[in-house]
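Data block for work.csv (CSV, C-alpha atoms and all ligand atoms):
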chain,number,residue,atom,x,y,z
A,1,MET,CA,69.8,23.3,95.1
A,2,LYS,CA,71.4,25.8,97.4
A,3,ASP,CA,72.8,25.0,100.8
A,4,SER,CA,72.1,27.0,103.9
A,5,PHE,CA,74.9,29.5,103.0
A,6,GLY,CA,73.6,30.1,99.5
A,7,ARG,CA,76.2,27.9,97.7
A,8,LYS,CA,74.8,26.2,94.7
A,9,ILE,CA,75.5,22.5,95.1
A,10,GLU,CA,76.0,20.9,91.6
A,11,TYR,CA,78.9,18.4,92.0
A,12,LEU,CA,78.7,14.9,93.5
A,13,ARG,CA,81.8,12.7,94.1
A,14,LEU,CA,80.6,9.2,94.2
A,15,SER,CA,82.9,6.5,95.5
A,16,VAL,CA,82.3,3.1,94.0
A,17,THR,CA,84.8,1.1,96.0
A,18,ASP,CA,87.4,1.6,98.8
A,19,LEU,CA,89.6,-1.1,97.3
A,20,CYS,CA,92.7,-0.3,95.2
A,21,ASN,CA,95.4,-2.0,93.3
A,22,TYR,CA,97.9,0.5,94.7
A,23,ARG,CA,98.9,1.4,98.3
A,24,CYS,CA,99.9,5.1,98.0
A,25,ILE,CA,101.8,6.1,101.1
A,26,TYR,CA,99.6,9.2,101.7
A,27,CYS,CA,96.3,7.5,101.1
A,28,MET,CA,96.2,4.2,102.9
A,29,ASP,CA,98.1,1.8,105.1
A,30,GLU,CA,100.7,-0.6,103.7
A,31,GLU,CA,98.5,-3.6,104.3
A,32,GLY,CA,95.7,-2.0,102.2
A,33,VAL,CA,92.1,-2.3,103.3
A,34,GLU,CA,90.1,-5.2,104.5
A,35,LYS,CA,87.7,-6.3,101.8
A,36,LYS,CA,84.2,-5.4,102.9
A,37,ARG,CA,81.3,-7.9,102.4
A,38,HIS,CA,79.6,-7.4,99.1
A,39,SER,CA,76.4,-6.2,100.9
A,40,ASP,CA,78.4,-3.5,102.8
A,41,ILE,CA,79.1,-1.5,99.7
A,42,LEU,CA,76.6,0.2,97.5
A,43,SER,CA,75.4,-2.0,94.6
A,44,ILE,CA,75.4,-0.7,91.0
A,45,GLU,CA,71.6,-0.3,91.3
A,46,GLU,CA,72.0,1.7,94.5
A,47,LEU,CA,74.7,3.9,93.0
A,48,THR,CA,72.4,4.6,90.0
A,49,GLU,CA,69.5,5.4,92.2
A,50,ILE,CA,71.7,7.9,94.2
A,51,ALA,CA,72.8,9.5,91.0
A,52,GLU,CA,69.2,9.9,89.9
A,53,ALA,CA,68.2,11.4,93.2
A,54,ALA,CA,71.1,13.8,93.1
A,55,TYR,CA,70.2,14.8,89.6
A,56,SER,CA,66.7,15.6,90.7
A,57,LEU,CA,68.2,18.0,93.3
A,58,GLY,CA,70.3,19.8,90.7
A,59,ILE,CA,73.5,17.9,90.6
A,60,ARG,CA,75.0,18.2,87.1
A,61,LYS,CA,78.5,17.0,87.6
A,62,ILE,CA,79.2,13.5,88.8
A,63,ARG,CA,82.8,12.1,89.4
A,64,LEU,CA,83.3,8.5,90.1
A,65,THR,CA,86.2,7.8,92.4
A,66,GLY,CA,87.4,5.3,95.1
A,67,GLY,CA,89.7,3.5,96.0
A,68,GLU,CA,90.4,2.7,92.4
A,69,PRO,CA,87.1,3.0,90.5
A,70,LEU,CA,88.4,0.9,87.6
A,71,VAL,CA,88.7,-2.2,89.8
A,72,ARG,CA,84.9,-2.0,90.6
A,73,LYS,CA,82.9,-4.7,88.8
A,74,GLY,CA,80.0,-3.2,86.9
A,75,LEU,CA,81.7,0.2,86.5
A,76,ILE,CA,80.9,0.4,82.8
A,77,THR,CA,77.2,-0.5,83.4
A,78,LEU,CA,77.1,2.3,86.1
A,79,CYS,CA,78.6,4.8,83.6
A,80,ARG,CA,76.0,3.8,81.0
A,81,ASN,CA,73.2,4.1,83.6
A,82,ILE,CA,74.4,7.6,84.7
A,83,ARG,CA,74.6,8.7,81.1
A,84,GLY,CA,71.1,7.3,80.6
A,85,ILE,CA,69.8,9.7,83.3
A,86,SER,CA,70.6,12.8,81.2
A,87,ASP,CA,73.0,14.1,78.6
A,88,ASP,CA,73.1,17.2,80.8
A,89,ILE,CA,75.4,15.4,83.4
A,90,GLU,CA,79.1,15.9,83.1
A,91,LEU,CA,80.4,12.5,84.0
A,92,GLY,CA,84.1,12.2,85.1
A,93,ILE,CA,86.3,9.6,86.7
A,94,THR,CA,89.4,10.0,88.9
A,95,THR,CA,91.7,7.0,88.4
A,96,ASN,CA,95.2,5.9,89.0
A,97,GLY,CA,95.3,5.1,85.3
A,98,SER,CA,96.8,1.7,85.6
A,99,LEU,CA,93.8,-0.2,84.1
A,100,LEU,CA,93.0,2.4,81.4
A,101,PRO,CA,94.9,0.5,78.6
A,102,ASN,CA,92.1,-2.1,78.6
A,103,MET,CA,89.2,0.2,79.6
A,104,ALA,CA,89.6,3.6,78.1
A,105,ILE,CA,87.6,2.9,74.9
A,106,ASP,CA,84.7,1.2,76.9
A,107,LEU,CA,84.6,4.1,79.3
A,108,LYS,CA,84.4,6.6,76.4
A,109,ASN,CA,81.6,4.5,74.7
A,110,ALA,CA,79.7,4.3,78.0
A,111,GLY,CA,79.4,8.1,78.1
A,112,VAL,CA,82.3,9.2,80.3
A,113,ASP,CA,83.2,12.8,79.5
A,114,ARG,CA,86.4,13.4,81.5
A,115,LEU,CA,89.3,11.6,83.1
A,116,ASN,CA,91.5,12.8,85.9
A,117,ILE,CA,94.6,10.5,86.1
A,118,SER,CA,96.7,10.6,89.2
A,119,LEU,CA,100.5,10.6,88.6
A,120,ASP,CA,102.7,12.0,91.3
A,121,THR,CA,106.1,11.3,89.8
A,122,LEU,CA,107.8,10.8,86.5
A,123,ASN,CA,110.7,8.9,88.2
A,124,PRO,CA,110.1,5.1,88.3
A,125,LYS,CA,111.9,4.8,91.7
A,126,ASN,CA,109.8,7.5,93.3
A,127,PHE,CA,106.7,5.9,91.7
A,128,ARG,CA,107.4,2.7,93.5
A,129,ILE,CA,108.1,4.6,96.8
A,130,ILE,CA,104.8,6.5,96.5
A,131,THR,CA,102.4,3.8,95.3
A,132,ARG,CA,104.3,0.9,97.0
A,133,THR,CA,103.0,-1.6,94.4
A,134,GLY,CA,102.6,0.3,91.1
A,135,ASP,CA,104.3,0.2,87.7
A,136,GLN,CA,104.7,3.6,86.2
A,137,HIS,CA,104.6,2.3,82.6
A,138,GLN,CA,101.0,1.2,83.0
A,139,VAL,CA,100.0,4.7,84.0
A,140,ILE,CA,101.9,6.3,81.1
A,141,ASP,CA,100.3,3.7,78.7
A,142,GLY,CA,96.9,4.5,80.4
A,143,ILE,CA,97.3,8.2,79.6
A,144,ASN,CA,98.1,7.4,76.0
A,145,ALA,CA,95.2,5.0,75.8
A,146,ALA,CA,92.9,7.7,77.1
A,147,ILE,CA,94.2,10.2,74.5
A,148,ASP,CA,93.8,7.6,71.7
A,149,ALA,CA,90.2,6.8,72.9
A,150,GLY,CA,89.3,10.4,72.3
A,151,PHE,CA,89.3,11.9,75.8
A,152,ASP,CA,90.3,15.5,75.7
A,153,ASN,CA,90.6,17.7,78.7
A,154,ILE,CA,92.6,15.0,80.5
A,155,LYS,CA,93.9,16.2,83.9
A,156,ILE,CA,97.0,14.7,85.6
A,157,ASN,CA,96.6,15.0,89.4
A,158,THR,CA,100.0,15.4,91.1
A,159,VAL,CA,100.1,15.6,94.9
A,160,LEU,CA,103.2,17.4,96.2
A,161,LEU,CA,105.2,15.5,98.8
A,162,GLY,CA,108.1,17.5,100.3
A,163,GLY,CA,111.4,15.6,100.0
A,164,ILE,CA,109.9,13.0,97.6
A,165,ASN,CA,108.6,14.6,94.3
A,166,ASP,CA,108.9,18.3,94.9
A,167,SER,CA,112.1,18.4,92.8
A,168,GLU,CA,110.1,17.2,89.8
A,169,VAL,CA,107.9,20.2,89.4
A,170,PHE,CA,109.9,21.5,86.4
A,171,ASP,CA,109.7,18.0,84.7
A,172,PHE,CA,105.9,18.0,85.0
A,173,ILE,CA,105.7,21.5,83.6
A,174,ARG,CA,107.9,20.4,80.7
A,175,LEU,CA,105.5,17.5,80.1
A,176,THR,CA,102.8,20.1,79.2
A,177,GLU,CA,105.1,21.3,76.3
A,178,LYS,CA,104.5,18.0,74.4
A,179,ILE,CA,101.2,16.5,75.7
A,180,PRO,CA,97.8,18.3,75.6
A,181,VAL,CA,96.9,17.6,79.3
A,182,GLN,CA,96.4,19.8,82.3
A,183,VAL,CA,98.9,18.9,85.1
A,184,ARG,CA,97.3,19.9,88.4
A,185,PHE,CA,99.5,20.3,91.4
A,186,ILE,CA,97.6,19.6,94.6
A,187,GLU,CA,98.5,20.3,98.2
A,188,LEU,CA,98.8,17.3,100.4
A,189,MET,CA,96.0,17.3,103.0
A,190,PRO,CA,96.6,16.1,106.6
A,191,LEU,CA,94.0,13.4,107.0
A,192,GLY,CA,94.0,9.7,107.6
A,193,VAL,CA,97.5,8.2,107.4
A,194,VAL,CA,99.0,11.7,106.7
A,195,LYS,CA,97.7,13.3,109.9
A,196,ASN,CA,100.9,13.0,111.8
A,197,TRP,CA,103.4,13.5,109.0
A,198,ASP,CA,106.3,15.9,109.4
A,199,LYS,CA,105.4,19.5,108.3
A,200,ASN,CA,108.3,19.4,105.8
A,201,ARG,CA,106.2,17.0,103.7
A,202,PHE,CA,103.6,19.7,103.1
A,203,ILE,CA,104.4,21.9,100.2
A,204,THR,CA,102.2,24.9,99.2
A,205,VAL,CA,101.5,25.4,95.6
A,206,ASP,CA,102.6,29.0,95.6
A,207,LEU,CA,106.2,27.7,95.5
A,208,ILE,CA,105.4,26.6,92.0
A,209,GLU,CA,104.5,30.0,90.8
A,210,LYS,CA,108.2,30.9,90.6
A,211,TYR,CA,108.4,28.4,87.7
A,212,LEU,CA,105.5,30.0,86.0
A,213,ARG,CA,106.8,33.6,85.6
A,214,SER,CA,106.5,33.5,81.8
A,215,ALA,CA,103.1,31.8,81.9
A,216,ALA,CA,99.8,33.5,81.4
A,217,VAL,CA,97.0,32.9,83.8
A,218,LEU,CA,94.3,31.5,81.6
A,219,LYS,CA,91.4,31.1,83.9
A,220,VAL,CA,90.1,30.0,87.3
A,221,ASP,CA,88.6,26.6,86.6
A,222,GLY,CA,86.6,25.4,89.7
A,223,VAL,CA,89.2,25.1,92.4
A,224,ALA,CA,92.2,25.4,90.1
A,225,LYS,CA,94.1,28.5,88.9
A,226,VAL,CA,95.2,27.5,85.4
A,227,TYR,CA,98.4,28.7,83.6
A,228,ARG,CA,99.8,28.2,80.1
A,229,LEU,CA,103.5,28.6,79.2
A,230,PRO,CA,104.2,30.0,75.7
A,231,ASN,CA,104.2,27.2,73.0
A,232,HIS,CA,103.0,24.5,75.4
A,233,ARG,CA,100.2,22.3,74.3
A,234,GLY,CA,99.0,21.6,77.8
A,235,THR,CA,98.3,23.7,80.9
A,236,ILE,CA,99.2,23.8,84.6
A,237,GLY,CA,96.6,24.0,87.3
A,238,LEU,CA,97.3,24.9,91.0
A,239,ILE,CA,95.0,23.6,93.6
A,240,ALA,CA,95.5,24.9,97.1
A,241,PRO,CA,93.0,23.5,99.6
A,242,ILE,CA,95.2,24.5,102.5
A,243,SER,CA,97.0,27.7,101.6
A,244,ASN,CA,94.0,29.1,99.8
A,245,ARG,CA,90.9,27.7,101.4
A,246,PHE,CA,88.1,27.5,98.8
A,247,CYS,CA,85.2,26.6,101.1
A,248,ALA,CA,83.2,29.8,100.1
A,249,SER,CA,82.8,28.5,96.6
A,250,CYS,CA,82.6,24.8,97.4
A,251,ASN,CA,79.8,23.2,95.4
A,252,LYS,CA,80.5,19.5,96.3
A,253,ILE,CA,79.0,16.7,98.2
A,254,ARG,CA,80.6,13.2,98.5
A,255,ILE,CA,79.2,9.7,99.0
A,256,THR,CA,81.4,7.0,100.3
A,257,ALA,CA,81.4,3.4,98.9
A,258,ASP,CA,79.6,2.2,102.0
A,259,GLY,CA,76.8,4.7,101.4
A,260,ASN,CA,77.4,7.7,103.6
A,261,LEU,CA,76.8,11.2,102.5
A,262,LYS,CA,79.6,13.6,103.5
A,263,SER,CA,78.8,17.2,102.8
A,264,CYS,CA,82.4,18.3,103.7
A,265,LEU,CA,85.6,16.2,103.0
A,266,HIS,CA,87.1,17.2,106.4
A,267,SER,CA,84.1,16.8,108.6
A,268,ASN,CA,83.4,13.6,110.5
A,269,SER,CA,79.7,14.1,110.1
A,270,GLU,CA,78.0,11.6,107.8
A,271,ILE,CA,74.4,10.6,106.9
A,272,SER,CA,73.7,7.0,105.8
A,273,LEU,CA,71.8,6.5,102.6
A,274,ARG,CA,71.6,2.7,102.8
A,275,GLY,CA,68.1,1.3,102.4
A,276,LEU,CA,66.6,4.6,101.2
A,277,HIS,CA,64.7,4.9,97.9
A,278,GLY,CA,62.5,7.4,96.0
A,279,GLU,CA,61.4,10.5,98.0
A,280,ASP,CA,63.1,9.2,101.2
A,281,LEU,CA,66.5,9.1,99.4
A,282,ILE,CA,66.0,12.5,97.8
A,283,ASN,CA,64.9,14.1,101.1
A,284,THR,CA,67.9,12.7,103.0
A,285,ILE,CA,70.3,14.0,100.4
A,286,ARG,CA,68.6,17.3,100.6
A,287,GLN,CA,69.0,17.3,104.4
A,288,GLY,CA,72.7,16.5,103.9
A,289,ILE,CA,73.2,19.4,101.6
A,290,LEU,CA,71.4,21.8,104.1
A,291,LYS,CA,73.8,20.6,106.8
A,292,LYS,CA,76.9,21.4,104.7
A,293,PRO,CA,79.2,23.4,107.1
A,294,LEU,CA,80.5,26.8,106.2
A,295,ARG,CA,84.1,25.9,106.2
A,296,HIS,CA,86.8,23.4,107.2
A,297,ARG,CA,89.4,24.1,109.9
A,298,LEU,CA,92.4,22.5,108.2
A,299,ASN,CA,94.7,25.5,108.6
A,300,GLU,CA,94.1,25.6,112.4
A,301,ASP,CA,94.2,21.9,113.0
A,302,CYS,CA,94.0,18.5,111.2
A,303,SER,CA,91.1,17.3,109.2
A,304,ALA,CA,88.3,16.1,111.5
A,305,THR,CA,87.4,13.1,109.4
A,306,SER,CA,88.5,9.8,110.8
A,307,ARG,CA,88.6,8.1,107.4
A,308,ASN,CA,91.5,7.6,105.0
A,309,MET,CA,91.3,9.1,101.6
A,310,ASN,CA,90.7,5.8,99.8
A,311,GLU,CA,87.4,5.6,101.7
A,312,ILE,CA,86.3,9.1,100.7
A,313,GLY,CA,87.6,9.4,97.2
A,314,GLY,CA,89.5,12.7,97.3
B,1,LIG,N1,92.5,5.8,92.9
B,1,LIG,C1,92.1,7.0,92.2
B,1,LIG,C2,93.3,7.9,92.1
B,1,LIG,O1,94.3,7.8,92.7
B,1,LIG,O2,93.2,8.9,91.3
B,1,LIG,C3,91.0,7.8,92.9
B,1,LIG,C4,90.9,7.9,94.4
B,1,LIG,S1,92.2,8.9,95.1
B,1,LIG,C5,91.7,8.8,96.8
B,1,LIG,C6,91.7,10.5,94.6
B,1,LIG,C7,92.7,11.6,94.6
B,1,LIG,O3,93.0,11.8,96.0
B,1,LIG,C8,94.0,11.2,94.0
B,1,LIG,O4,94.4,12.2,93.0
B,1,LIG,C9,95.0,11.2,95.1
B,1,LIG,O5,96.3,11.6,94.8
B,1,LIG,C10,94.4,12.2,96.1
B,1,LIG,N2,94.8,12.0,97.5
B,1,LIG,C11,94.8,10.9,98.3
B,1,LIG,N3,95.2,11.2,99.5
B,1,LIG,C12,95.4,12.6,99.6
B,1,LIG,C13,95.9,13.5,100.6
B,1,LIG,N4,96.1,13.1,101.8
B,1,LIG,N5,96.0,14.8,100.2
B,1,LIG,C14,95.7,15.2,98.9
B,1,LIG,N6,95.3,14.4,98.0
B,1,LIG,C15,95.2,13.1,98.3
B,2,LIG,FE1,94.7,3.9,95.4
B,2,LIG,FE2,94.2,6.3,94.5
B,2,LIG,FE3,94.7,5.9,97.1
B,2,LIG,FE4,96.7,5.7,95.5
B,2,LIG,S1,95.5,7.6,95.9
B,2,LIG,S2,96.1,4.2,97.1
B,2,LIG,S3,95.7,4.9,93.7
B,2,LIG,S4,93.0,5.2,96.0
The structure given in the file should be rewritten as structure tokens.
Ligand code: SAM
Ligand code: SF4
Amino acid sequence: MKDSFGRKIEYLRLSVTDLCNYRCIYCMDEEGVEKKRHSDILSIEELTEIAEAAYSLGIRKIRLTGGEPLVRKGLITLCRNIRGISDDIELGITTNGSLLPNMAIDLKNAGVDRLNISLDTLNPKNFRIITRTGDQHQVIDGINAAIDAGFDNIKINTVLLGGINDSEVFDFIRLTEKIPVQVRFIELMPLGVVKNWDKNRFITVDLIEKYLRSAAVLKVDGVAKVYRLPNHRGTIGLIAPISNRFCASCNKIRITADGNLKSCLHSNSEISLRGLHGEDLINTIRQGILKKPLRHRLNEDCSATSRNMNEIGG
């Protein structure tokens, strides 16, 4: 369906948990998050019902996110359920990759089409600084497990953090020479724990274009401008939510793990879907889509959302 500004809304980001095995410095507090009661987060049945309702309203792309979606019990069942709704749904997952070595094949068999794997640094020391708890080798093994399981179109999400990983841009570009993945450089967004960070931490992706002089622009893929360097197997995508606001073509809605619909990542406005079924659920999602704001105000100010990113799902 279309929102009130004529944008066709086809993409749902569905958060299946706010918990995570990492504690990335730009996503959550060092102490992590307090575990919610089981009944406070959407059950696998509720998540499936929401996916069905969204499908009936024209959603054709669903991305499971979190927190870390792979720590959620019942994730494989949920993927199977969503695949069971229709083959017409593009089903993706955004993950930190650490649990893929044991799960990539099951996810593939459950009908997942695409994986976006977050990896902000190729340097083990920086990896520990950024994730606080993570082991980089698990993520590299996870990427390889995903390739071996038959996932193509793998995207590596790399958030740029000034003074931490911005000197690694060229290393990431070189990675695409050997591995057939798309490395997507993403601008850091000032929300949650990042709200009061020093402005030097915020790097705009246009700085990367200087490394891409010999690259051809292949296409604009959703929110990413995609480049390929000569003889490279993979590609490079630039995503600029801040320096190049893409609200005019935004086709997304989000649902948090505790069951609130957010029609804009940066708005504090949410609609609860808890306890709704059938037509009531469909109508409430429809209302949420119709209330989607025209644009965010990140460039003028901070994000208006009071949530951390692990609660929203990116
Ligand atoms: N745990 C999974 C992961 O890391 O991929 C999925 C959830 S995570 C919240 C989704 C994406 O949001 C990740 O790629 C992460 O790097 C990104 N992210 C988190 N906080 C961000 C921020 N303040 N600005 C930009 N991206 C952010
Ligand atoms: Fe966890 Fe992903 Fe947030 Fe890192 S970015 S703390 S991996 S949810």
Please extract the residues at most 7 Å from ligand LIG 1 (chain B), counting all atoms listed in the file, and provide them as a ChimeraX atom specification, using the chain letters and residue numbers of this document. /A:20,26-27,65-69,94-96,116-118,157-159,186-191,194,309-310,312-314
The selected residues should be written to file as a PDB file, in the frame of the given file (atoms: C-alpha atoms).
ATOM      1  CA  CYS A  20      92.700  -0.300  95.200  1.00  0.00           C
ATOM      2  CA  TYR A  26      99.600   9.200 101.700  1.00  0.00           C
ATOM      3  CA  CYS A  27      96.300   7.500 101.100  1.00  0.00           C
ATOM      4  CA  THR A  65      86.200   7.800  92.400  1.00  0.00           C
ATOM      5  CA  GLY A  66      87.400   5.300  95.100  1.00  0.00           C
ATOM      6  CA  GLY A  67      89.700   3.500  96.000  1.00  0.00           C
ATOM      7  CA  GLU A  68      90.400   2.700  92.400  1.00  0.00           C
ATOM      8  CA  PRO A  69      87.100   3.000  90.500  1.00  0.00           C
ATOM      9  CA  THR A  94      89.400  10.000  88.900  1.00  0.00           C
ATOM     10  CA  THR A  95      91.700   7.000  88.400  1.00  0.00           C
ATOM     11  CA  ASN A  96      95.200   5.900  89.000  1.00  0.00           C
ATOM     12  CA  ASN A 116      91.500  12.800  85.900  1.00  0.00           C
ATOM     13  CA  ILE A 117      94.600  10.500  86.100  1.00  0.00           C
ATOM     14  CA  SER A 118      96.700  10.600  89.200  1.00  0.00           C
ATOM     15  CA  ASN A 157      96.600  15.000  89.400  1.00  0.00           C
ATOM     16  CA  THR A 158     100.000  15.400  91.100  1.00  0.00           C
ATOM     17  CA  VAL A 159     100.100  15.600  94.900  1.00  0.00           C
ATOM     18  CA  ILE A 186      97.600  19.600  94.600  1.00  0.00           C
ATOM     19  CA  GLU A 187      98.500  20.300  98.200  1.00  0.00           C
ATOM     20  CA  LEU A 188      98.800  17.300 100.400  1.00  0.00           C
ATOM     21  CA  MET A 189      96.000  17.300 103.000  1.00  0.00           C
ATOM     22  CA  PRO A 190      96.600  16.100 106.600  1.00  0.00           C
ATOM     23  CA  LEU A 191      94.000  13.400 107.000  1.00  0.00           C
ATOM     24  CA  VAL A 194      99.000  11.700 106.700  1.00  0.00           C
ATOM     25  CA  MET A 309      91.300   9.100 101.600  1.00  0.00           C
ATOM     26  CA  ASN A 310      90.700   5.800  99.800  1.00  0.00           C
ATOM     27  CA  ILE A 312      86.300   9.100 100.700  1.00  0.00           C
ATOM     28  CA  GLY A 313      87.600   9.400  97.200  1.00  0.00           C
ATOM     29  CA  GLY A 314      89.500  12.700  97.300  1.00  0.00           C
TER      30      GLY A 314
END
Please determine, counting all atoms listed in the file, which residue among A:Ile164, A:Ile59, A:Ile179, A:Leu64 has the shortest atom-to-atom distance to ligand LIG 2 (chain B).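 Answer, going by the shortest atom-to-atom distance: A:Leu64.
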Sphere at (100.2, 32.4, 83.1), radius 6 Å, counting only C-alpha atoms: residues as a PDB file with C-alpha atoms, keeping the file's coordinate frame:
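Result file follows (point.pdb):
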ATOM      1  CA  ALA A 215     103.100  31.800  81.900  1.00  0.00           C
ATOM      2  CA  ALA A 216      99.800  33.500  81.400  1.00  0.00           C
ATOM      3  CA  VAL A 217      97.000  32.900  83.800  1.00  0.00           C
ATOM      4  CA  TYR A 227      98.400  28.700  83.600  1.00  0.00           C
ATOM      5  CA  ARG A 228      99.800  28.200  80.100  1.00  0.00           C
TER       6      ARG A 228
END
Counting all atoms listed in the file, note down every residue that has an atom within 12 Å of the point (88.7, 24.6, 101.3) (file coordinates), as a ChimeraX atom specification. /A:187,189,222-224,239-252,264-267,293-299,303
Using only C-alpha atoms and all ligand atoms for the distances, tell me which of A:Leu160, A:Leu75, A:Leu14, A:Leu119 is nearest to ligand LIG 2 (chain B). A:Leu119
Quick check, in Å to one decimal: how far apart do CA of Val169 in chain A and CA of Gln136 in chain A lie?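 CA of Gln136 in chain A lies at a distance of 17.2 Å from CA of Val169 in chain A.
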Smallest atom-to-atom distance to ligand LIG 2 (chain B): which of A:Ile76, A:Leu91, A:Leu238, A:Ile129, using all atoms listed in the file? A:Ile129
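Considering the residues A:His232, A:Lys125, A:Arg132, A:Arg83 and counting all atoms listed in the file, ligand LIG 2 (chain B) has its shortest atom-to-atom contact with A:Arg132.
With all atoms listed in the file as the basis for measurement, A:Ile130 is the residue among A:Ile130, A:Leu218, A:Leu281, A:Leu276 that approaches ligand LIG 2 (chain B) most closely.
Relative to CA of Tyr11 in chain A, CA of Lys61 in chain A is found at 4.6 Å.
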Go through A:Thr256, A:Asn308, A:Thr176, A:Thr121 and flag the residue nearest ligand LIG 2 (chain B), using all atoms listed in the file for the distances.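 So, comparing all the options, the nearest one is A:Asn308.
Take CA of Glu168 in chain A and CA of Pro124 in chain A: the distance between them is 12.2 Å.
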Report as a ChimeraX atom specification all protein, DNA and RNA residues lying within 6 Å of range 142-144 of chain A, evaluated on all atoms listed in the file, omitting residues in the same chain fewer than 2 positions from it. /A:97-98,100-101,138-140,146-147
